[in-house]
$ cat upload.cif   # mmCIF, C-alpha atoms
data_model
#
loop_
_atom_site.label_atom_id
_atom_site.label_comp_id
_atom_site.auth_asym_id
_atom_site.auth_seq_id
_atom_site.Cartn_x
_atom_site.Cartn_y
_atom_site.Cartn_z
CA MET A 1 220.88 29.69 271.25
CA THR A 2 218.02 30.14 268.79
CA HIS A 3 218.32 32.30 265.67
CA ALA A 4 217.91 36.02 266.28
CA THR A 5 215.24 37.86 264.29
CA GLY A 6 215.02 41.19 266.14
CA ALA A 7 215.62 44.77 265.09
CA LEU A 8 219.41 44.40 265.44
CA SER A 9 219.77 40.91 264.00
CA GLY A 10 222.84 40.72 261.77
CA LEU A 11 224.89 43.02 264.02
CA ARG A 12 227.88 41.58 265.83
CA VAL A 13 228.88 43.02 269.21
CA ILE A 14 232.18 42.33 270.97
CA ASP A 15 231.46 42.66 274.69
CA MET A 16 234.57 43.48 276.75
CA THR A 17 232.58 44.56 279.80
CA ARG A 18 231.99 43.29 283.29
CA VAL A 19 229.95 44.01 286.41
CA ILE A 20 226.71 45.90 285.55
CA ALA A 21 226.63 49.03 283.36
CA GLY A 22 228.45 47.63 280.30
CA PRO A 23 226.86 44.16 280.48
CA TYR A 24 223.42 45.76 280.77
CA ALA A 25 224.03 47.71 277.56
CA THR A 26 225.21 44.63 275.66
CA GLN A 27 222.37 42.51 277.01
CA THR A 28 219.93 45.11 275.69
CA LEU A 29 221.57 44.94 272.25
CA GLY A 30 221.32 41.15 272.46
CA ASP A 31 217.63 41.33 273.37
CA PHE A 32 217.11 43.37 270.20
CA GLY A 33 218.69 40.57 268.18
CA ALA A 34 222.40 41.42 267.97
CA GLU A 35 224.97 38.63 268.22
CA VAL A 36 226.91 39.40 271.41
CA ILE A 37 230.27 37.75 272.05
CA LYS A 38 231.36 38.25 275.65
CA ILE A 39 235.12 38.25 276.20
CA GLU A 40 236.16 36.89 279.61
CA ARG A 41 239.42 36.20 281.38
CA PRO A 42 240.28 32.48 281.34
CA GLY A 43 239.36 30.85 284.63
CA GLU A 44 238.02 34.06 286.20
CA GLY A 45 235.44 35.65 283.95
CA ASP A 46 233.26 38.62 284.78
CA ASP A 47 233.87 39.93 288.34
CA VAL A 48 230.14 39.96 289.07
CA ARG A 49 229.99 36.17 288.74
CA ARG A 50 231.44 36.04 292.26
CA ILE A 51 229.45 38.88 293.87
CA GLY A 52 227.17 37.17 296.37
CA PRO A 53 225.34 35.77 298.19
CA PRO A 54 222.78 34.91 297.01
CA TRP A 55 224.10 32.16 294.73
CA MET A 56 222.47 30.21 291.93
CA PRO A 57 221.27 26.69 292.81
CA GLY A 58 223.13 23.72 291.34
CA ALA A 59 221.69 20.47 290.04
CA ASP A 60 221.14 19.28 293.62
CA GLY A 61 219.29 22.48 294.52
CA ARG A 62 222.04 23.71 296.82
CA PRO A 63 223.62 27.15 296.32
CA GLU A 64 226.81 27.06 294.23
CA VAL A 65 229.18 29.53 295.88
CA GLY A 66 230.86 31.65 293.21
CA ARG A 67 227.91 31.58 290.81
CA SER A 68 225.96 34.70 291.70
CA THR A 69 222.36 35.55 290.95
CA TYR A 70 223.65 39.07 290.18
CA TYR A 71 225.41 37.85 287.03
CA GLN A 72 222.15 36.40 285.71
CA ALA A 73 220.54 39.86 285.63
CA VAL A 74 222.58 41.33 282.76
CA ASN A 75 224.13 38.57 280.66
CA ARG A 76 221.45 36.72 278.69
CA ASN A 77 221.57 36.41 274.89
CA LYS A 78 225.38 36.25 274.86
CA LYS A 79 228.11 33.84 273.88
CA SER A 80 231.12 33.64 276.19
CA ILE A 81 234.67 33.06 275.03
CA SER A 82 237.74 33.17 277.24
CA VAL A 83 240.71 35.11 275.83
CA ASN A 84 243.81 36.39 277.62
CA TYR A 85 244.33 39.66 275.74
CA ALA A 86 247.40 40.46 277.87
CA GLU A 87 249.27 37.89 275.74
CA PRO A 88 250.14 38.89 272.15
CA GLU A 89 248.36 35.84 270.72
CA GLY A 90 245.21 36.65 272.65
CA CYS A 91 245.36 40.27 271.57
CA ALA A 92 245.72 39.17 267.95
CA LEU A 93 242.64 36.93 268.26
CA LEU A 94 240.59 39.84 269.57
CA GLN A 95 241.81 42.12 266.80
CA GLN A 96 240.64 39.56 264.23
CA LEU A 97 237.21 39.41 265.87
CA ILE A 98 236.96 43.19 266.09
CA ALA A 99 237.95 43.63 262.45
CA ASP A 100 234.61 42.14 261.36
CA ALA A 101 232.46 43.44 264.24
CA ASP A 102 229.90 46.22 264.19
CA VAL A 103 230.16 47.29 267.83
CA LEU A 104 232.70 46.96 270.62
CA VAL A 105 231.71 47.84 274.19
CA GLU A 106 234.32 48.02 276.94
CA ASN A 107 234.38 49.33 280.49
CA TYR A 108 238.03 49.21 281.48
CA ARG A 109 239.75 52.14 283.12
CA PRO A 110 240.64 54.70 280.40
CA GLY A 111 243.89 53.84 278.67
CA THR A 112 243.96 50.17 279.69
CA LEU A 113 243.03 48.73 276.31
CA THR A 114 245.14 51.29 274.45
CA ARG A 115 248.20 49.89 276.22
CA HIS A 116 247.38 46.51 274.68
CA GLY A 117 246.76 47.84 271.17
CA LEU A 118 242.98 47.56 271.54
CA GLY A 119 242.06 51.21 272.12
CA PRO A 120 239.57 53.22 270.07
CA VAL A 121 242.14 54.85 267.80
CA GLU A 122 243.75 51.53 266.89
CA MET A 123 240.48 49.65 266.45
CA LEU A 124 238.82 52.37 264.35
CA ALA A 125 241.90 52.37 262.13
CA LEU A 126 241.52 48.60 261.80
CA ASN A 127 237.75 48.78 261.28
CA PRO A 128 236.56 52.28 260.26
CA ARG A 129 232.88 51.22 260.49
CA LEU A 130 233.23 50.13 264.11
CA ILE A 131 231.15 51.68 266.89
CA TYR A 132 233.55 51.65 269.84
CA CYS A 133 231.73 52.39 273.11
CA SER A 134 233.64 53.06 276.31
CA VAL A 135 231.77 52.97 279.62
CA SER A 136 233.76 54.24 282.60
CA GLY A 137 233.37 55.81 285.99
CA PHE A 138 234.12 59.40 284.97
CA GLY A 139 234.69 59.51 281.21
CA GLN A 140 237.72 59.32 278.96
CA ASP A 141 239.20 62.70 279.93
CA GLY A 142 239.01 65.28 282.71
CA PRO A 143 240.74 65.27 286.10
CA TYR A 144 238.84 62.21 287.38
CA ALA A 145 239.26 60.07 284.27
CA GLY A 146 241.86 57.78 285.84
CA ARG A 147 239.75 56.96 288.88
CA SER A 148 237.82 53.73 289.24
CA GLY A 149 234.09 54.23 289.49
CA TYR A 150 231.24 52.21 290.95
CA ASP A 151 227.51 52.76 291.21
CA TYR A 152 227.51 53.82 294.86
CA LEU A 153 230.33 56.30 294.24
CA ALA A 154 228.50 57.79 291.25
CA GLN A 155 225.31 58.19 293.27
CA ALA A 156 227.31 60.01 295.95
CA MET A 157 229.43 62.24 293.73
CA ALA A 158 226.78 63.10 291.11
CA GLY A 159 224.18 64.46 293.51
CA ALA A 160 221.69 61.62 293.83
CA MET A 161 222.39 61.01 297.51
CA SER A 162 222.08 64.71 298.33
CA VAL A 163 218.36 64.53 297.51
CA THR A 164 217.72 60.97 298.76
CA GLY A 165 217.01 60.16 302.40
CA HIS A 166 215.22 61.71 305.36
CA PRO A 167 215.75 65.43 305.97
CA ASP A 168 217.82 66.72 308.87
CA GLY A 169 215.93 66.70 312.14
CA GLN A 170 214.03 63.49 311.39
CA PRO A 171 214.91 59.99 312.64
CA GLY A 172 217.41 58.35 310.32
CA ALA A 173 218.36 61.63 308.69
CA GLY A 174 221.28 61.65 306.30
CA PRO A 175 222.25 60.91 302.70
CA MET A 176 220.90 57.63 301.34
CA ARG A 177 221.70 55.63 298.23
CA VAL A 178 219.02 54.22 295.97
CA GLY A 179 218.72 50.50 296.80
CA VAL A 180 219.20 49.29 293.22
CA PRO A 181 222.27 50.10 291.06
CA LEU A 182 220.76 53.24 289.58
CA ALA A 183 223.91 54.84 288.17
CA ASP A 184 224.95 51.56 286.55
CA THR A 185 221.51 51.15 285.01
CA LEU A 186 221.42 54.72 283.74
CA ALA A 187 224.90 54.42 282.24
CA GLY A 188 223.95 51.14 280.55
CA LEU A 189 220.88 52.77 279.03
CA GLN A 190 222.84 55.84 277.89
CA ALA A 191 225.47 53.57 276.35
CA THR A 192 222.74 51.73 274.44
CA ILE A 193 221.26 55.03 273.23
CA GLY A 194 224.68 56.28 272.17
CA ILE A 195 225.43 53.08 270.27
CA LEU A 196 222.09 53.20 268.44
CA ALA A 197 222.68 56.87 267.54
CA ALA A 198 226.16 56.01 266.27
CA LEU A 199 224.73 53.15 264.21
CA ALA A 200 222.24 55.59 262.63
CA HIS A 201 225.14 57.93 261.80
CA ARG A 202 227.05 55.02 260.28
CA HIS A 203 224.03 54.05 258.21
CA ALA A 204 224.00 57.57 256.75
CA THR A 205 227.75 58.10 256.35
CA GLY A 206 229.51 54.74 256.59
CA GLU A 207 231.63 56.09 259.45
CA GLY A 208 232.15 54.48 262.82
CA GLN A 209 232.98 56.48 265.93
CA HIS A 210 233.93 56.42 269.59
CA VAL A 211 231.09 56.68 272.14
CA ASP A 212 232.10 57.89 275.62
CA VAL A 213 229.66 57.25 278.51
CA SER A 214 230.34 57.57 282.24
CA LEU A 215 228.44 56.52 285.36
CA PHE A 216 229.10 59.95 286.88
CA GLU A 217 227.56 61.89 283.98
CA ALA A 218 224.67 59.47 283.50
CA GLN A 219 223.75 59.97 287.15
CA LEU A 220 224.38 63.73 287.03
CA ALA A 221 222.08 64.13 284.01
CA ALA A 222 219.39 62.20 285.88
CA THR A 223 219.23 64.70 288.74
CA MET A 224 216.55 66.30 286.53
CA ASN A 225 214.35 68.62 288.65
CA ALA A 226 216.96 68.91 291.40
CA GLY A 227 219.62 69.89 288.88
CA SER A 228 217.38 72.43 287.18
CA ALA A 229 216.23 73.89 290.52
CA TRP A 230 219.81 74.65 291.48
CA LEU A 231 221.03 75.80 288.07
CA ASN A 232 218.08 78.11 287.39
CA ALA A 233 216.78 79.17 290.80
CA GLY A 234 219.81 78.62 293.04
CA GLN A 235 217.66 76.38 295.21
CA ASP A 236 218.92 73.15 296.76
CA LEU A 237 215.92 70.80 296.97
CA GLY A 238 217.70 68.73 299.61
CA ARG A 239 216.47 65.48 301.09
CA THR A 240 212.70 65.16 301.45
CA GLY A 241 212.40 61.47 302.35
CA ASN A 242 209.21 60.03 300.91
CA ASP A 243 207.72 63.44 300.16
CA HIS A 244 208.02 65.09 296.75
CA PRO A 245 209.89 68.41 296.98
CA SER A 246 207.50 70.22 294.62
CA ALA A 247 204.11 68.50 294.97
CA ALA A 248 201.73 67.51 297.77
CA PRO A 249 200.20 65.21 298.81
CA TYR A 250 202.74 63.01 297.06
CA GLY A 251 204.22 60.26 299.18
CA VAL A 252 203.74 57.32 301.51
CA PHE A 253 200.67 57.13 303.76
CA ALA A 254 199.80 54.64 306.48
CA VAL A 255 196.56 52.64 306.21
CA ASP A 256 195.11 49.99 308.50
CA ASP A 257 197.33 47.13 307.32
CA GLY A 258 200.41 48.80 305.85
CA PHE A 259 201.26 51.65 303.50
CA ILE A 260 200.22 53.03 300.14
CA LEU A 261 201.70 55.60 297.78
CA ILE A 262 199.46 58.51 296.78
CA ALA A 263 200.67 60.83 294.01
CA THR A 264 198.76 64.01 293.17
CA PHE A 265 200.75 66.16 290.78
CA ASN A 266 198.21 68.85 289.91
CA ASP A 267 195.20 70.66 291.30
CA ARG A 268 192.71 68.58 289.29
CA GLU A 269 193.93 65.33 290.77
CA PHE A 270 193.96 66.80 294.25
CA GLY A 271 190.32 67.77 293.79
CA ARG A 272 189.52 64.17 292.90
CA LEU A 273 191.43 62.93 295.96
CA ALA A 274 189.54 65.33 298.23
CA LYS A 275 186.22 64.13 296.85
CA VAL A 276 187.08 60.42 297.21
CA LEU A 277 188.23 60.94 300.80
CA GLY A 278 185.00 62.72 301.66
CA ARG A 279 186.68 66.10 302.08
CA PRO A 280 185.65 68.20 299.06
CA ASP A 281 186.15 71.27 301.26
CA TRP A 282 189.93 70.84 300.87
CA ALA A 283 189.69 72.08 297.28
CA GLU A 284 188.44 75.45 298.60
CA ASP A 285 190.68 75.62 301.67
CA PRO A 286 193.23 78.43 301.08
CA ARG A 287 195.91 76.21 302.65
CA PHE A 288 195.38 73.48 300.06
CA ALA A 289 193.66 74.98 297.00
CA ARG A 290 196.80 75.30 294.87
CA ASN A 291 199.85 73.09 294.66
CA GLY A 292 202.14 75.78 296.04
CA ASP A 293 199.81 76.19 299.01
CA ARG A 294 199.82 72.45 299.63
CA VAL A 295 203.62 72.28 299.53
CA ALA A 296 203.83 75.18 302.01
CA ASN A 297 201.34 73.43 304.31
CA ARG A 298 202.56 69.90 303.67
CA ALA A 299 202.56 68.76 307.32
CA ALA A 300 199.00 69.88 307.99
CA LEU A 301 197.73 68.31 304.77
CA LYS A 302 199.57 65.06 305.45
CA ALA A 303 197.93 64.80 308.86
CA GLU A 304 194.49 65.44 307.34
CA VAL A 305 194.96 62.84 304.61
CA GLY A 306 196.30 60.32 307.12
CA ALA A 307 193.22 60.76 309.31
CA ALA A 308 190.89 60.34 306.33
CA LEU A 309 192.58 57.07 305.36
CA LYS A 310 191.88 55.33 308.67
CA GLY A 311 189.40 52.48 308.62
CA ARG A 312 190.33 50.74 305.36
CA THR A 313 193.04 48.37 304.15
CA ARG A 314 195.71 48.82 301.54
CA ALA A 315 193.82 46.79 298.94
CA GLU A 316 190.61 48.72 299.57
CA TRP A 317 192.21 52.13 299.19
CA VAL A 318 194.13 51.14 296.06
CA GLU A 319 190.87 50.08 294.44
CA ILE A 320 188.86 53.08 295.66
CA LEU A 321 191.44 55.72 294.75
CA ASN A 322 192.19 54.32 291.31
CA ALA A 323 188.46 54.10 290.62
CA GLY A 324 188.37 57.80 291.48
CA THR A 325 191.23 58.53 289.01
CA VAL A 326 193.73 59.28 291.74
CA SER A 327 197.24 57.92 291.22
CA CYS A 328 197.75 55.36 293.96
CA GLY A 329 199.48 52.04 294.41
CA PRO A 330 200.90 49.59 296.94
CA ILE A 331 204.55 49.52 297.97
CA ASN A 332 205.37 46.13 296.52
CA THR A 333 208.10 43.68 297.39
CA LEU A 334 209.57 41.45 294.69
CA ALA A 335 207.39 38.66 296.08
CA ASP A 336 204.34 40.87 295.52
CA LEU A 337 205.45 41.63 291.97
CA GLU A 338 205.98 37.97 291.13
CA ALA A 339 202.29 37.36 291.83
CA ASP A 340 201.02 40.70 290.47
CA PRO A 341 198.34 40.22 287.79
CA HIS A 342 199.67 43.06 285.64
CA VAL A 343 203.23 41.68 285.74
CA ARG A 344 201.88 38.28 284.73
CA ALA A 345 199.66 39.64 281.98
CA ARG A 346 202.51 41.64 280.46
CA GLY A 347 204.99 38.76 280.65
CA ASP A 348 207.45 40.80 282.72
CA ILE A 349 209.22 37.71 284.08
CA VAL A 350 210.82 35.37 281.55
CA THR A 351 212.31 31.89 281.93
CA MET A 352 215.31 30.49 280.07
CA GLN A 353 216.97 27.09 280.36
CA HIS A 354 220.56 26.73 281.55
CA PRO A 355 222.45 23.42 281.34
CA ARG A 356 223.75 23.73 284.91
CA HIS A 357 221.06 25.66 286.75
CA GLY A 358 217.96 24.52 284.91
CA ALA A 359 215.30 27.22 284.75
CA VAL A 360 216.79 30.72 285.05
CA ARG A 361 214.25 33.47 285.54
CA ALA A 362 214.84 37.11 284.71
CA LEU A 363 213.05 40.41 284.36
CA ALA A 364 211.94 41.06 280.81
CA ASN A 365 213.18 43.84 278.56
CA PRO A 366 210.70 46.71 279.06
CA VAL A 367 210.74 47.82 275.40
CA ARG A 368 207.85 46.46 273.34
CA LEU A 369 208.47 46.60 269.57
CA ALA A 370 205.40 45.67 267.53
CA ALA A 371 207.17 44.63 264.32
CA SER A 372 210.51 43.34 265.63
CA PRO A 373 210.04 42.20 269.24
CA VAL A 374 212.86 41.36 271.59
CA SER A 375 213.70 37.70 272.17
CA TYR A 376 215.15 35.61 274.96
CA ARG A 377 217.32 33.07 273.15
CA SER A 378 219.76 31.88 275.78
CA ALA A 379 220.46 32.05 279.49
CA PRO A 380 223.64 33.79 280.71
CA PRO A 381 226.60 31.62 279.67
CA ASP A 382 229.24 29.89 281.73
CA ILE A 383 232.82 31.20 281.41
CA GLY A 384 234.17 30.41 277.96
CA GLN A 385 231.41 27.96 277.06
CA ASP A 386 231.38 29.15 273.42
CA THR A 387 235.13 29.54 272.86
CA GLU A 388 235.49 26.61 270.48
CA SER A 389 232.38 27.37 268.42
CA VAL A 390 233.12 31.09 268.06
CA LEU A 391 236.80 30.72 267.19
CA GLY A 392 236.05 27.84 264.88
CA THR A 393 233.19 29.56 263.07
CA LEU A 394 234.39 33.17 262.92
CA LEU A 395 238.18 32.69 262.69
CA ALA A 396 238.22 29.24 261.06
CA LEU A 397 240.51 27.81 263.73
CA THR A 398 240.76 24.04 263.89
CA PRO A 399 240.14 22.05 267.09
CA GLU A 400 243.88 21.36 267.21
CA GLN A 401 244.71 25.08 266.99
CA ILE A 402 242.22 25.90 269.73
CA ALA A 403 243.62 23.12 271.93
CA GLY A 404 247.09 24.60 271.44
CA LEU A 405 245.85 28.04 272.47
CA ARG A 406 244.30 26.51 275.55
CA ASP A 407 247.51 24.70 276.45
CA ARG A 408 249.42 28.00 276.22
CA GLY A 409 246.90 29.81 278.43
CA ILE A 410 245.63 32.07 275.65
CA VAL A 411 242.01 30.88 275.83
#
$ encode --input "upload.cif" --output "structure tokens"
Amino acid sequence: MTHATGALSGLRVIDMTRVIAGPYATQTLGDFGAEVIKIERPGEGDDVRRIGPPWMPGADGRPEVGRSTYYQAVNRNKKSISVNYAEPEGCALLQQLIADADVLVENYRPGTLTRHGLGPVEMLALNPRLIYCSVSGFGQDGPYAGRSGYDYLAQAMAGAMSVTGHPDGQPGAGPMRVGVPLADTLAGLQATIGILAALAHRHATGEGQHVDVSLFEAQLAATMNAGSAWLNAGQDLGRTGNDHPSAAPYGVFAVDDGFILIATFNDREFGRLAKVLGRPDWAEDPRFARNGDRVANRAALKAEVGAALKGRTRAEWVEILNAGTVSCGPINTLADLEADPHVRARGDIVTMQHPRHGAVRALANPVRLAASPVSYRSAPPDIGQDTESVLGTLLALTPEQIAGLRDRGIV
């Protein structure tokens, strides 16, 4: 691991998280330069290491069952140590590490770490400057606090699936989840924001604090327009498939060799679309002149736009419409994105070297800081690969002491 020089260099983060939301937050802190020490169970490690297929290739190029590609997405820029905190010796080791840390992030079920003497009250008493962030399914209190929570469940319970999917009466109608772990990602981002806000408070006051983030509330907050529509107008936007509930034309359209996405969000852009498609009369048509009219006459407008798009390919329309200042783009696969000139120009795919897997590729951090850019210092670690170096450097344990801990099943 190369030396960190980013905006958070000098901060030490104890990462007691697994799966996606918590590890995504700590990876983001690591990208910004923080030293992240990932705590894993001896011999088992993070649960997401075994969530597959697909699996990472080994030295012979064959998939190594039990080493998931999923784990690689959220665990770069970390050191891994294995500690059994259920044993008093292991708990004492963690307390020593936490005593000198700046941030602790955990995503155990509420109360789990408190039972082992590692809860927020105990750790803030030990280290009053600590930022202790808890990421859970439903938060640290309330009637659902004791429940386990996963991304899919949060999408279902927090309203996302009620507005995702084809509407009733259409083929395939019914609630639909977003195909990527949206609630996990949102919770990881909110945890990062909360930690940075708490660090700013500490900078001003010297005080640490407990940060409480849940998948459920991160997803609920992200219902955005649907949430506001219900709370302020009593209107359930429902499922609208690939159509926008409040704008038209805004959705997927068939062309000669596939599909494109056209997004017109105001009357000015619709006027430009009408002109480019050779139908300037649409801008004066009382069915289409204003956005509300277009939403009310969505089906008729969609048929008209679809007819106007016939005769050209996806690539042709993307070029023509963007040249006409109409928001338009292809519906890309990951294979498309890998070859996309914009992705390549922006460096959105990064490569790191791993001793077992060789080149590990990952999606870049999307935040661009001009003065203190993010860095990609190390590939996601194997279970406990840094145990000796971390315990030796930070706790001054000798090789003999570490060997004894290993023999007793503590590390």
$ atom_distance --input "upload.cif" --atom1 "CA of Thr5 (chain A)" --atom2 "CA of Val19 (chain A)"
27.3 Å
$ atom_distance --input "upload.cif" --atom1 "CA of Glu217 (chain A)" --atom2 "CA of Arg147 (chain A)"
14.0 Å
$ atom_distance --input "upload.cif" --atom1 "CA of His244 (chain A)" --atom2 "CA of Gln190 (chain A)"
25.7 Å
$ resolve_selection --input "upload.cif" --expression "the PyMOL selection byres ((chain A and resi 365-373) around 7)" --output "PyMOL selection string"
chain A and resi 6-7+363-364+374-375
$ resolve_selection --input "upload.cif" --expression "the PyMOL selection byres ((chain A and resi 214) around 6)" --output "NGL selection string"
:A and (135-139 or 213 or 215-217)
$ closest_residue --input "upload.cif" --among "A:Ser82, A:Gln140, A:Asn332, A:Asn75" --to "Val36 (chain A)" --atoms "only C-alpha atoms"
A:Asn75
$ resolve_selection --input "upload.cif" --expression "the PyMOL selection byres ((chain A and resi 269-276) around 10)" --output "ChimeraX atom specification"
/A:248-250,262-268,277-284,288-291,294,305,308,317,320-327
$ closest_residue --input "upload.cif" --among "A:Ala197, A:Val343, A:Ala396, A:Ala21" --to "Gln219 (chain A)" --atoms "only C-alpha atoms"
A:Ala21
$ closest_residue --input "upload.cif" --among "A:Val178, A:Ala307, A:Leu334, A:Leu220" --to "Ile349 (chain A)" --atoms "only C-alpha atoms"
A:Leu334
$ closest_residue --input "upload.cif" --among "A:Ala221, A:Leu309, A:Val163, A:Ala315" --to "Asp243 (chain A)" --atoms "all atoms listed in the file"
A:Val163
$ closest_residue --input "upload.cif" --among "A:Arg41, A:His342, A:Arg109, A:Arg356" --to "Tyr144 (chain A)" --atoms "only C-alpha atoms"
A:Arg109
$ residues_near_point --input "upload.cif" --point "(228.8, 39.1, 265.8)" --cutoff "7 Å" --atoms "only C-alpha atoms" --output "number ranges by chain"
A: 11-14, 35-37, 101
$ residues_around --input "upload.cif" --residues "region 48-62 of chain A" --least-positions-apart "5" --cutoff "7 Å" --atoms "all atoms listed in the file" --output "PyMOL selection string"
chain A and resi 18-19+67-71+356-357
